[in-house]
Amino acid sequence: MVRNPSANREQFRPHDHPNDSFLLTTVVGSYPKPKWLNRADELVEDPDSKFDESDLAEAHDDACRLITHEHERAGLDTVVDGEMRRNEMVEFFAERIDGYEFNGPVKVWGHNYFDKPSVVEEVEYDEPWLVDEFEFTTNVAERPVKVPITGPYTLGFWAFNEAYPSTEELVYDLADLVNEEVEKLVEAGARYIQIDEPALATTPEDHAIVGEALDRIVSGIDEDVRIGLHVCYGDYSRIYPEINDFPIDEFDVELCNGDYEQIPTFEDPEFEPDLALGVVDAHTAEVEPVEEIKANIRQGLRVVPPEKLTISPDCGLKLLPREIAYGKTENMVEAARQVEAEIDAGEIDLDAPLADD
Amino acid sequence: MTERVAATPGIYPLPDWAKGTLSDLKGHQKGDLLSGDEEGEITETYDEVRAEFVDDQLEAGLDRVAEGQARWDDMIAHPLTVHESVETGGIVRYYDNNNFYRDPRVVDDLDFSGDVAGELEAAADLIDGVNAGDAPLAATLPGPYSLADLATDEHYGDDAEFQAAIADFLAGELEAFPAHETLFLLEPSLVTNPPADGTEERATDAIATVAAATDADVVVQTFYGALDEKLYAHLVDEADADALGLDLVAGDREDTVYNVQEYGATDSVALGLVDGQNTLVEEPETVAERVEWFEGQAPAADFETTYLTPNTELFYLPENKYRAKLSALAAATEVLE
């Protein structure tokens with residue numbers, strides 16, 4: 001069943017928050033890398049270059065500092081480092097988990113490839129995956145830091161399974177490792193964890209496996225830690241209302257891309273976790289105006305009251321030009337603050353949030 | 001005495017060097033994919049890849065050599081996506097995989113194209129150059145049922161007519177092929193999205209239309225699991241296939257054995273024995289045991305030929321594992337000798 005989101009939400013309200021209402025603003029995670037960082041990634045591979053791994057580590061630190069501050073400048077209540085250290089959402093973790101090996105890229109479509117790893121023996125936890133980067137980011141950030149982690153279902157099903165009798169069993173072992181990582185992050189001070197499970201969108205009939213994996217992930221995690229789940233680009237009616245049984249505080253959805261056609265799915269039965277609603281499109285290179293985003297936010301109010309509504313982009317923004325990603329984030333926060341003020345002023349009918357005031 | 005033949009329907013992964021070269025030459029976006037009129041460096045690169053594929057297969061010791069279909073950006077939808085009467089729509093999911101192809105929207109009569117014949121001519125020349133018929137050419141086409149299933153009809157306006165038009169189109173392409181020993185018709189949709197009750201014969205008729213256009217042995221390769229039993233019976237009786245290809249890796253292989261025991265089999269059979277979607281490489285002995293396990297349960301006398309094949313195309317794999325799978329198949333025939 002759902003965790004207790006009201007027990008952990010208020011800690012993210014900034015001290016100088018201007019309104020009584022509080023729509024928690026956040027991001028899904030990834031953000032465009034500065035061009036020089038991509039160059040640095042290439043340079044370290046060049047045997048003729050003096051640029052080495054320690055130089056690259058410094059470049060990653062610089063980029064994380066830069067993007068964390070960029071998120072703060074945009075006004076976000078909770079920030080991420082933009083995943084500057086990560087290459088790809090499965091590869092990054094597979095490199096850190098014992099039991100995976102890489103054989104080379106495989107085709108996704110056309111000339112787009114993915115270094116799909118193979119699980120060749122039982123997966124095991126070795127060194128922490130994200131604790132160092134969390135500690136770095138939280139030290140440079142003035143706002144609370146959210147930590148996105150690729151979920152065990154995606155880590156299992158987007159790999160070749162050579163070692164386990166079924167991929168479901170692999171997923172449960174991976175979930176235990178994610179639990180270990182979350183415990184270490186919490187020990188280091190993290191209070192906002194987001195599990196990313198894009199693979200669920202392609203095989204929604206497996207929602208029970210994801211539910212069981214989440215039970216393992218949150219085992220022993222106090223309720224002052226906020227656990228979100230992000231699933232994007234799918235037919236949510238195939239996993240709703242089942243997600244109401246997931247042990248999460250927040251469910252993060254991508255609906256702007258589909259113009260909120262799927263919102264009615266979540267209206268009945270009652271939505272139990274907090275709703276983190278995508279209000280800007282991650283795949284259009286135009287910054288949505290504040291007024292348009294405010295209308296999108298109202299769509300979320302059809303599903304949950306303001307105290308259960310979190311505002312976020314549809315998905316990671318990494319494929320956009322950086323100035324567009326920034327513009328979307330800044331306008332998103334501005335729109336949230338304006339909607340809060342309108343709620344405070346009684347200008348939005350929470351029973352009919354789309355109605356003109 | 002059953003002849004054991006190690007063969008694949010191709011659709012191999014590009015070598016890593018060609019992944020880089022071709023994405024640089026063509027680009028990464030939907031509009032950059034092959035339209036069939038490529039030239040210059042792109043053509044030269046595909047020629048090099050084709051030669052490498054032929055070498056890979058001869059080195060592994062396969063009994064048939066496939067062209068490898070490096071050009072098939074859209075996997076088995078390729079013969080349509082490069083056709084002049086087809087417009088390519090959005091990127092859509094390729095069966096239940098994390099792979100995508102361009103939706104082929106058929107907007108005009110499907111007349112002769114010759115695209116696949118062209119690449120097979122090139123492969124036949126390569127094979128002639130390096131061996132004296134030990135490992136003859138195997139051609140590959142999508143089966144008409146699957147190709148119609150993957151496409152969108154915006155011209156014929158009727159499902160039956162559309163499927164028949166696709167079958168006629170494929171038969172026309174096939175007539176232009178150079179000499180080939182075996183034809184693989186890939187029909188995964190028969191498993192994943194089988195014909196509605198009562199329309200099985202339409203599907204088998206379409207397959208028979210294509211099969212009639214070649215003198216080669218025709219293998220109707222099904223995959224992604226076991227066939228429904230009623231459809232299986234129709235295919236054995238009506239599709240004019242020399243061999244039905246059966247997936248012994250995905251799904252429940254007991255269902256497949258049940259079908260064979262209950263409804264008999266084609267004179268020859270193709271067995272999907274190595275997993276085209278997993279990097280775990282099967283031992284040749286394991287592959288051989290699977291052949292004997294299957295043949296031992298088939299009630300009829302010996303099959304004329306048992307084709308040892310991967311259960312799917314091989315493009316899902318990284319290049320080192322694709323080569324290892326070819327070797328496993330070839331080595332398994334030696335274990336069985």
# chains A, B, ... in the order shown; residues from 1 in each chain; ligands from 1

$ select_by_dssp --residues "segment 55-280 of chain B" --states "strand (DSSP E or B)" --output "PyMOL selection string"
chain B and resi 65-66+86-93+100-106+137-142+152-153+182-186+217-221+243-247+268-274

$ write_last_selection --atoms "N, CA and C atoms" --output "compact mmCIF listing (two decimals), in the first residue's frame"
# COMPACT_ATOMS: atom_id res chain seq x y z
N VAL B 65 24.42 -19.97 -46.78
CA VAL B 65 24.94 -18.62 -46.52
C VAL B 65 23.84 -17.60 -46.81
N ALA B 66 23.53 -16.82 -45.83
CA ALA B 66 22.54 -15.75 -46.00
C ALA B 66 23.24 -14.46 -46.39
N VAL B 86 5.19 3.13 -50.95
CA VAL B 86 5.04 3.11 -49.49
C VAL B 86 5.61 4.41 -48.92
N GLU B 87 4.84 5.03 -48.03
CA GLU B 87 5.36 6.17 -47.27
C GLU B 87 5.66 5.68 -45.87
N THR B 88 6.77 6.15 -45.30
CA THR B 88 7.06 5.68 -43.95
C THR B 88 6.50 6.66 -42.93
N GLY B 89 5.74 6.09 -41.99
CA GLY B 89 5.13 6.91 -40.94
C GLY B 89 6.04 6.97 -39.73
N GLY B 90 5.45 6.96 -38.53
CA GLY B 90 6.23 7.10 -37.30
C GLY B 90 7.03 5.84 -36.99
N ILE B 91 7.82 5.96 -35.95
CA ILE B 91 8.61 4.83 -35.46
C ILE B 91 7.70 4.02 -34.54
N VAL B 92 7.56 2.74 -34.84
CA VAL B 92 6.66 1.91 -34.03
C VAL B 92 7.41 0.69 -33.50
N ARG B 93 6.88 0.13 -32.42
CA ARG B 93 7.55 -0.98 -31.75
C ARG B 93 7.58 -2.23 -32.62
N PHE B 100 12.51 -0.73 -32.77
CA PHE B 100 11.50 0.05 -33.48
C PHE B 100 11.78 0.05 -34.98
N TYR B 101 10.72 0.21 -35.78
CA TYR B 101 10.88 0.30 -37.22
C TYR B 101 9.92 1.37 -37.73
N ARG B 102 10.14 1.79 -38.96
CA ARG B 102 9.25 2.81 -39.54
C ARG B 102 7.97 2.14 -40.02
N ASP B 103 6.86 2.67 -39.63
CA ASP B 103 5.56 2.12 -40.04
C ASP B 103 5.41 2.28 -41.55
N PRO B 104 5.34 1.15 -42.30
CA PRO B 104 5.18 1.28 -43.75
C PRO B 104 3.70 1.51 -44.10
N ARG B 105 3.40 2.66 -44.66
CA ARG B 105 2.02 2.98 -45.05
C ARG B 105 1.91 2.80 -46.56
N VAL B 106 1.20 1.76 -46.95
CA VAL B 106 1.10 1.44 -48.37
C VAL B 106 0.05 2.36 -48.99
N LEU B 137 23.51 -20.37 -51.35
CA LEU B 137 22.79 -19.19 -50.85
C LEU B 137 21.43 -19.55 -50.25
N ALA B 138 21.15 -18.94 -49.12
CA ALA B 138 19.79 -18.97 -48.56
C ALA B 138 19.21 -17.56 -48.67
N ALA B 139 18.04 -17.45 -49.29
CA ALA B 139 17.39 -16.15 -49.40
C ALA B 139 16.41 -15.98 -48.23
N THR B 140 16.11 -14.73 -47.92
CA THR B 140 15.18 -14.44 -46.82
C THR B 140 14.18 -13.39 -47.26
N LEU B 141 12.93 -13.63 -46.94
CA LEU B 141 11.89 -12.61 -47.12
C LEU B 141 10.97 -12.66 -45.91
N PRO B 142 10.31 -11.56 -45.62
CA PRO B 142 9.24 -11.64 -44.64
C PRO B 142 8.11 -12.49 -45.24
N THR B 152 0.68 -0.73 -42.71
CA THR B 152 -0.61 -0.05 -42.65
C THR B 152 -1.12 0.11 -44.08
N ASP B 153 -2.34 -0.37 -44.31
CA ASP B 153 -2.90 -0.28 -45.66
C ASP B 153 -3.67 1.02 -45.82
N THR B 182 17.68 -22.41 -50.51
CA THR B 182 16.66 -22.39 -49.46
C THR B 182 16.07 -20.99 -49.40
N LEU B 183 14.79 -20.93 -49.13
CA LEU B 183 14.15 -19.63 -48.88
C LEU B 183 13.57 -19.64 -47.47
N PHE B 184 13.96 -18.67 -46.66
CA PHE B 184 13.33 -18.49 -45.36
C PHE B 184 12.25 -17.42 -45.49
N LEU B 185 11.04 -17.80 -45.15
CA LEU B 185 9.95 -16.82 -45.05
C LEU B 185 9.69 -16.60 -43.56
N LEU B 186 9.95 -15.40 -43.09
CA LEU B 186 9.86 -15.15 -41.65
C LEU B 186 8.44 -14.74 -41.28
N ASP B 217 13.92 -24.95 -51.58
CA ASP B 217 13.19 -25.44 -50.40
C ASP B 217 12.71 -24.25 -49.59
N VAL B 218 11.45 -24.28 -49.23
CA VAL B 218 10.87 -23.14 -48.52
C VAL B 218 10.70 -23.47 -47.04
N VAL B 219 11.30 -22.64 -46.20
CA VAL B 219 11.17 -22.77 -44.75
C VAL B 219 10.29 -21.62 -44.25
N VAL B 220 9.15 -21.95 -43.70
CA VAL B 220 8.29 -20.91 -43.11
C VAL B 220 8.64 -20.84 -41.63
N GLN B 221 9.44 -19.82 -41.29
CA GLN B 221 10.03 -19.75 -39.96
C GLN B 221 9.12 -18.94 -39.03
N ALA B 243 9.47 -26.98 -45.07
CA ALA B 243 9.72 -27.08 -43.64
C ALA B 243 9.00 -25.95 -42.92
N LEU B 244 8.42 -26.30 -41.80
CA LEU B 244 7.89 -25.27 -40.91
C LEU B 244 8.98 -25.03 -39.87
N GLY B 245 9.27 -23.77 -39.60
CA GLY B 245 10.29 -23.44 -38.60
C GLY B 245 9.62 -23.23 -37.25
N LEU B 246 10.13 -23.92 -36.22
CA LEU B 246 9.49 -23.91 -34.91
C LEU B 246 10.47 -23.42 -33.85
N ASP B 247 10.01 -22.54 -33.01
CA ASP B 247 10.84 -21.92 -31.97
C ASP B 247 10.89 -22.84 -30.75
N SER B 268 10.23 -31.72 -43.97
CA SER B 268 11.44 -31.27 -43.28
C SER B 268 11.00 -30.33 -42.16
N VAL B 269 11.94 -30.00 -41.29
CA VAL B 269 11.58 -29.12 -40.19
C VAL B 269 12.76 -28.20 -39.91
N ALA B 270 12.46 -26.98 -39.48
CA ALA B 270 13.51 -26.07 -39.04
C ALA B 270 13.30 -25.85 -37.54
N LEU B 271 14.37 -25.98 -36.77
CA LEU B 271 14.23 -25.84 -35.33
C LEU B 271 14.99 -24.60 -34.85
N GLY B 272 14.30 -23.72 -34.15
CA GLY B 272 14.94 -22.57 -33.54
C GLY B 272 15.60 -23.03 -32.26
N LEU B 273 16.93 -23.21 -32.29
CA LEU B 273 17.63 -23.92 -31.22
C LEU B 273 18.52 -23.04 -30.38
N VAL B 274 19.09 -22.00 -31.01
CA VAL B 274 19.92 -21.08 -30.22
C VAL B 274 19.15 -19.77 -30.07

$ interface_residues --of "chain A" --to "chain B" --cutoff "12 Å" --atoms "only C-alpha atoms" --output "PyMOL selection string"
chain A and resi 100-121+154+157-164+167+198-204

$ write_last_selection --atoms "C-alpha atoms" --output "tab-separated table (two decimals), in the first residue's frame"
chain	number	residue	atom	x	y	z
A	100	TYR	CA	27.05	-7.54	-15.32
A	101	GLU	CA	29.36	-7.58	-18.33
A	102	PHE	CA	29.36	-5.61	-21.58
A	103	ASN	CA	29.79	-7.18	-25.01
A	104	GLY	CA	29.15	-4.22	-27.26
A	105	PRO	CA	26.36	-2.11	-28.67
A	106	VAL	CA	23.06	-3.51	-29.96
A	107	LYS	CA	20.53	-1.88	-32.24
A	108	VAL	CA	17.49	-0.09	-30.83
A	109	TRP	CA	16.31	1.40	-34.12
A	110	GLY	CA	17.98	2.66	-37.26
A	111	HIS	CA	21.49	3.68	-36.29
A	112	ASN	CA	20.68	4.17	-32.64
A	113	TYR	CA	22.44	1.72	-30.37
A	114	PHE	CA	22.62	0.87	-26.71
A	115	ASP	CA	25.42	-0.93	-24.87
A	116	LYS	CA	23.05	-3.57	-23.55
A	117	PRO	CA	24.80	-5.44	-20.76
A	118	SER	CA	24.56	-9.14	-19.93
A	119	VAL	CA	23.97	-10.50	-16.44
A	120	VAL	CA	26.43	-13.40	-16.32
A	121	GLU	CA	26.31	-14.33	-12.63
A	154	THR	CA	14.38	-1.77	-16.00
A	157	PHE	CA	14.63	-6.41	-18.43
A	158	TRP	CA	16.88	-4.06	-20.43
A	159	ALA	CA	19.77	-6.50	-20.06
A	160	PHE	CA	20.48	-9.99	-21.40
A	161	ASN	CA	19.78	-12.50	-18.64
A	162	GLU	CA	22.34	-15.31	-18.85
A	163	ALA	CA	22.42	-16.25	-15.19
A	164	TYR	CA	18.95	-16.40	-13.69
A	167	THR	CA	14.32	-12.36	-15.28
A	198	PRO	CA	10.54	3.17	-18.09
A	199	ALA	CA	10.56	-0.54	-18.97
A	200	LEU	CA	7.23	-0.97	-17.19
A	201	ALA	CA	5.57	1.16	-19.87
A	202	THR	CA	6.45	-1.43	-22.53
A	203	THR	CA	5.22	-4.43	-20.51
A	204	PRO	CA	2.48	-3.10	-18.23

$ residues_around --residues "segment 209-224 of chain A" --least-positions-apart "4" --cutoff "8 Å" --atoms "only C-alpha atoms" --output "PyMOL selection string"
chain A and resi 3-5+7-8+152-153+168+171-172+175-176+178-180+182-183+191+200+243+245-248

$ write_last_selection --atoms "C-alpha atoms" --output "JSON list (two decimals), in the first residue's frame"
[["chain", "number", "residue", "atom", "x", "y", "z"],
["A", 3, "ARG", "CA", 3.46, 5.08, 2.03],
["A", 4, "ASN", "CA", 2.70, 8.24, 3.93],
["A", 5, "PRO", "CA", 3.55, 11.18, 1.65],
["A", 7, "ALA", "CA", 4.82, 12.70, 6.54],
["A", 8, "ASN", "CA", 7.69, 13.85, 4.33],
["A", 152, "PRO", "CA", 15.38, -3.01, -10.81],
["A", 153, "TYR", "CA", 12.71, -3.94, -13.33],
["A", 168, "GLU", "CA", 11.75, -11.87, -12.52],
["A", 171, "VAL", "CA", 14.70, -8.21, -10.73],
["A", 172, "TYR", "CA", 14.12, -9.19, -7.10],
["A", 175, "ALA", "CA", 15.70, -4.73, -5.88],
["A", 176, "ASP", "CA", 17.57, -5.92, -2.78],
["A", 178, "VAL", "CA", 18.68, -0.95, -4.71],
["A", 179, "ASN", "CA", 17.39, -1.22, -1.14],
["A", 180, "GLU", "CA", 20.98, -1.39, 0.09],
["A", 182, "VAL", "CA", 18.82, 3.61, -0.73],
["A", 183, "GLU", "CA", 19.77, 2.79, 2.88],
["A", 191, "ARG", "CA", 15.39, 12.38, 1.80],
["A", 200, "LEU", "CA", 7.23, -0.97, -17.19],
["A", 243, "ILE", "CA", -0.15, 1.48, -8.66],
["A", 245, "ASP", "CA", -1.00, -0.61, -4.03],
["A", 246, "PHE", "CA", 2.65, 0.26, -4.64],
["A", 247, "PRO", "CA", 4.64, 1.29, -1.53],
["A", 248, "ILE", "CA", 5.53, 4.75, -2.83]]

$ residues_around --residues "Val80 of chain A" --least-positions-apart "5" --cutoff "7 Å" --atoms "only C-alpha atoms" --output "PDB file with C-alpha atoms, in the first residue's frame"
ATOM      1  CA  GLY A  29      16.578  14.078 -13.394  1.00  0.00           C
ATOM      2  CA  THR A  68      22.649  22.102  -9.579  1.00  0.00           C
ATOM      3  CA  VAL A 145      18.636  17.121  -3.496  1.00  0.00           C
ATOM      4  CA  LYS A 146      16.573  14.414  -5.158  1.00  0.00           C
ATOM      5  CA  VAL A 147      18.310  11.190  -6.241  1.00  0.00           C
TER       6      VAL A 147
END

$ atom_distance --atom1 "atom CA of Pro264 of chain A" --atom2 "atom CA of Gly346 of chain A"
24.3 Å

$ residues_around --residues "Leu301 of chain A" --least-positions-apart "2" --cutoff "12 Å" --atoms "only C-alpha atoms" --output "ChimeraX atom specification"
/A:23,263-264,266-267,271,274-277,294-299,303-311,336,339-340,343,348-355

$ write_last_selection --atoms "C-alpha atoms" --output "compact mmCIF listing (two decimals), in the first residue's frame"
# COMPACT_ATOMS: atom_id res chain seq x y z
CA LEU A 23 3.10 22.73 -5.05
CA ILE A 263 -5.93 12.28 -16.91
CA PRO A 264 -9.41 10.70 -16.52
CA PHE A 266 -6.48 8.64 -12.58
CA GLU A 267 -9.75 10.28 -11.46
CA PHE A 271 -5.48 8.48 -6.57
CA ASP A 274 0.96 12.11 -4.36
CA LEU A 275 0.83 12.92 -8.07
CA ALA A 276 3.97 14.28 -9.70
CA LEU A 277 2.62 15.70 -12.91
CA LYS A 294 -0.64 26.93 -15.43
CA ALA A 295 -3.44 25.29 -17.41
CA ASN A 296 -1.47 22.04 -17.35
CA ILE A 297 -1.07 22.25 -13.58
CA ARG A 298 -4.84 22.61 -13.23
CA GLN A 299 -5.17 19.23 -14.97
CA VAL A 303 -6.77 14.16 -9.68
CA VAL A 304 -5.36 15.33 -6.34
CA PRO A 305 -5.67 18.37 -4.05
CA PRO A 306 -2.80 20.91 -4.05
CA GLU A 307 -1.19 19.39 -0.95
CA LYS A 308 -0.71 16.15 -2.94
CA LEU A 309 0.43 17.71 -6.22
CA THR A 310 4.07 17.84 -7.29
CA ILE A 311 5.11 19.70 -10.44
CA ALA A 336 3.50 26.74 -9.97
CA VAL A 339 -1.19 28.77 -9.30
CA GLU A 340 -0.39 28.55 -5.57
CA ILE A 343 -5.42 28.87 -4.87
CA ILE A 348 -9.37 28.30 -8.46
CA ASP A 349 -12.34 26.06 -7.73
CA LEU A 350 -10.60 22.90 -6.52
CA ASP A 351 -13.72 20.88 -7.27
CA ALA A 352 -13.70 22.08 -10.87
CA PRO A 353 -10.13 23.22 -11.44
CA LEU A 354 -10.49 23.67 -15.19
CA ALA A 355 -13.41 26.09 -14.81

$ select_by_dssp --residues "segment 49-207 of chain B" --states "helix (DSSP H, G or I)" --output "PyMOL selection string"
chain B and resi 49-60+75-81+115-130+144-150+159-175+189-192+200-207

$ write_last_selection --atoms "C-alpha atoms" --output "short mmCIF file (atom, residue, chain, number, x, y, z; two decimals), in the first residue's frame"
data_model
loop_
_atom_site.label_atom_id
_atom_site.label_comp_id
_atom_site.auth_asym_id
_atom_site.auth_seq_id
_atom_site.Cartn_x
_atom_site.Cartn_y
_atom_site.Cartn_z
CA VAL B 49 29.61 -5.57 -44.57
CA ARG B 50 28.03 -8.14 -46.90
CA ALA B 51 31.45 -9.62 -47.64
CA GLU B 52 32.17 -9.76 -43.92
CA PHE B 53 28.87 -11.55 -43.27
CA VAL B 54 29.64 -14.14 -45.94
CA ASP B 55 33.08 -14.70 -44.42
CA ASP B 56 31.58 -15.01 -40.93
CA GLN B 57 29.26 -17.76 -42.09
CA LEU B 58 31.86 -19.68 -44.06
CA GLU B 59 34.30 -19.41 -41.19
CA ALA B 60 31.67 -20.73 -38.78
CA MET B 75 14.06 -5.45 -39.98
CA ILE B 76 11.54 -7.63 -41.81
CA ALA B 77 9.47 -4.61 -42.84
CA HIS B 78 12.35 -3.61 -45.14
CA PRO B 79 10.91 -4.76 -48.50
CA LEU B 80 8.05 -2.33 -47.94
CA THR B 81 9.83 0.60 -46.31
CA ASP B 115 15.55 -4.30 -54.05
CA VAL B 116 16.10 -7.63 -52.31
CA ALA B 117 17.06 -9.39 -55.57
CA GLY B 118 19.81 -6.80 -56.01
CA GLU B 119 21.47 -7.51 -52.70
CA LEU B 120 21.12 -11.28 -53.21
CA GLU B 121 22.87 -11.01 -56.59
CA ALA B 122 25.78 -9.36 -54.81
CA ALA B 123 25.80 -12.09 -52.15
CA ALA B 124 25.63 -14.84 -54.79
CA ASP B 125 28.66 -13.32 -56.54
CA LEU B 126 30.60 -13.33 -53.29
CA ILE B 127 29.68 -16.94 -52.56
CA ASP B 128 30.61 -18.05 -56.10
CA GLY B 129 33.94 -16.35 -55.62
CA VAL B 130 34.89 -18.24 -52.49
CA PRO B 144 3.14 -12.27 -46.38
CA TYR B 145 1.11 -12.62 -43.19
CA SER B 146 3.71 -10.91 -41.01
CA LEU B 147 4.51 -8.23 -43.57
CA ALA B 148 0.83 -7.32 -43.88
CA ASP B 149 0.59 -7.36 -40.09
CA LEU B 150 3.50 -4.92 -39.73
CA ASP B 159 -7.69 -6.89 -45.30
CA ALA B 160 -8.01 -9.90 -47.59
CA GLU B 161 -7.11 -7.91 -50.68
CA PHE B 162 -4.18 -6.28 -48.90
CA GLN B 163 -2.75 -9.62 -47.75
CA ALA B 164 -3.13 -11.06 -51.25
CA ALA B 165 -1.44 -8.00 -52.76
CA ILE B 166 1.48 -8.38 -50.35
CA ALA B 167 1.75 -12.06 -51.29
CA ASP B 168 1.75 -11.23 -55.01
CA PHE B 169 4.35 -8.54 -54.43
CA LEU B 170 6.64 -10.94 -52.53
CA ALA B 171 6.17 -13.63 -55.21
CA GLY B 172 7.18 -11.10 -57.87
CA GLU B 173 10.30 -10.15 -55.92
CA LEU B 174 11.17 -13.79 -55.43
CA GLU B 175 10.97 -14.56 -59.15
CA SER B 189 3.18 -12.62 -36.53
CA LEU B 190 1.64 -16.09 -36.87
CA VAL B 191 2.62 -16.55 -33.22
CA THR B 192 2.22 -13.04 -31.82
CA GLU B 200 -6.30 -19.20 -41.26
CA GLU B 201 -6.70 -20.33 -44.85
CA ARG B 202 -6.30 -16.80 -46.13
CA ALA B 203 -2.92 -16.67 -44.39
CA THR B 204 -1.82 -20.09 -45.64
CA ASP B 205 -2.96 -19.24 -49.17
CA ALA B 206 -0.82 -16.13 -49.09
CA ILE B 207 2.19 -18.14 -47.95
#

$ residues_around --residues "Ala63 of chain A" --least-positions-apart "5" --cutoff "9 Å" --atoms "only C-alpha atoms" --output "tab-separated table (two decimals) with C-alpha atoms, in the first residue's frame"
chain	number	residue	atom	x	y	z
A	33	LYS	CA	25.17	18.32	-20.69
A	34	PRO	CA	27.25	21.42	-21.44
A	37	LEU	CA	31.54	18.09	-20.98
A	58	GLU	CA	37.05	17.47	-12.12
A	68	THR	CA	22.65	22.10	-9.58
A	81	ASP	CA	22.76	17.45	-10.58
A	82	GLY	CA	21.30	16.83	-14.02
A	84	MET	CA	26.08	14.86	-15.44
A	85	ARG	CA	28.12	11.81	-14.42

$ atom_distance --atom1 "atom CA of Gln262 of chain A" --atom2 "atom CA of Gly234 of chain A"
10.0 Å

$ residues_around --residues "segment 128-137 of chain A" --least-positions-apart "3" --cutoff "6 Å" --atoms "only C-alpha atoms" --output "PDB file with N, CA and C atoms, in the first residue's frame"
ATOM      1  N   VAL A 140      27.027  21.279  -2.453  1.00  0.00           N
ATOM      2  CA  VAL A 140      27.028  22.520  -3.237  1.00  0.00           C
ATOM      3  C   VAL A 140      25.623  23.114  -3.359  1.00  0.00           C
ATOM      4  N   ALA A 141      24.603  22.346  -2.953  1.00  0.00           N
ATOM      5  CA  ALA A 141      23.226  22.808  -3.138  1.00  0.00           C
ATOM      6  C   ALA A 141      22.713  23.517  -1.892  1.00  0.00           C
ATOM      7  N   LEU A 185      22.169   5.911   0.958  1.00  0.00           N
ATOM      8  CA  LEU A 185      21.873   7.301   0.608  1.00  0.00           C
ATOM      9  C   LEU A 185      21.165   8.004   1.765  1.00  0.00           C
TER      10      LEU A 185
END

$ atom_distance --atom1 "atom CA of Pro284 of chain B" --atom2 "atom CA of Ala331 of chain B"
5.5 Å

$ decode --residues "segment 274-286 of chain B" --atoms "C-alpha atoms" --output "JSON list (two decimals), in the first residue's frame"
[["chain", "number", "residue", "atom", "x", "y", "z"],
["B", 274, "VAL", "CA", 19.92, -21.08, -30.22],
["B", 275, "ASP", "CA", 18.51, -17.99, -28.56],
["B", 276, "GLY", "CA", 18.74, -15.02, -30.90],
["B", 277, "GLN", "CA", 17.85, -12.70, -28.04],
["B", 278, "ASN", "CA", 20.28, -13.77, -25.35],
["B", 279, "THR", "CA", 24.05, -13.42, -25.19],
["B", 280, "LEU", "CA", 24.40, -16.78, -23.44],
["B", 281, "VAL", "CA", 26.02, -18.99, -26.10],
["B", 282, "GLU", "CA", 24.76, -22.55, -26.24],
["B", 283, "GLU", "CA", 27.23, -25.43, -26.26],
["B", 284, "PRO", "CA", 27.11, -27.40, -29.54],
["B", 285, "GLU", "CA", 26.30, -30.52, -27.49],
["B", 286, "THR", "CA", 23.30, -28.75, -25.97]]
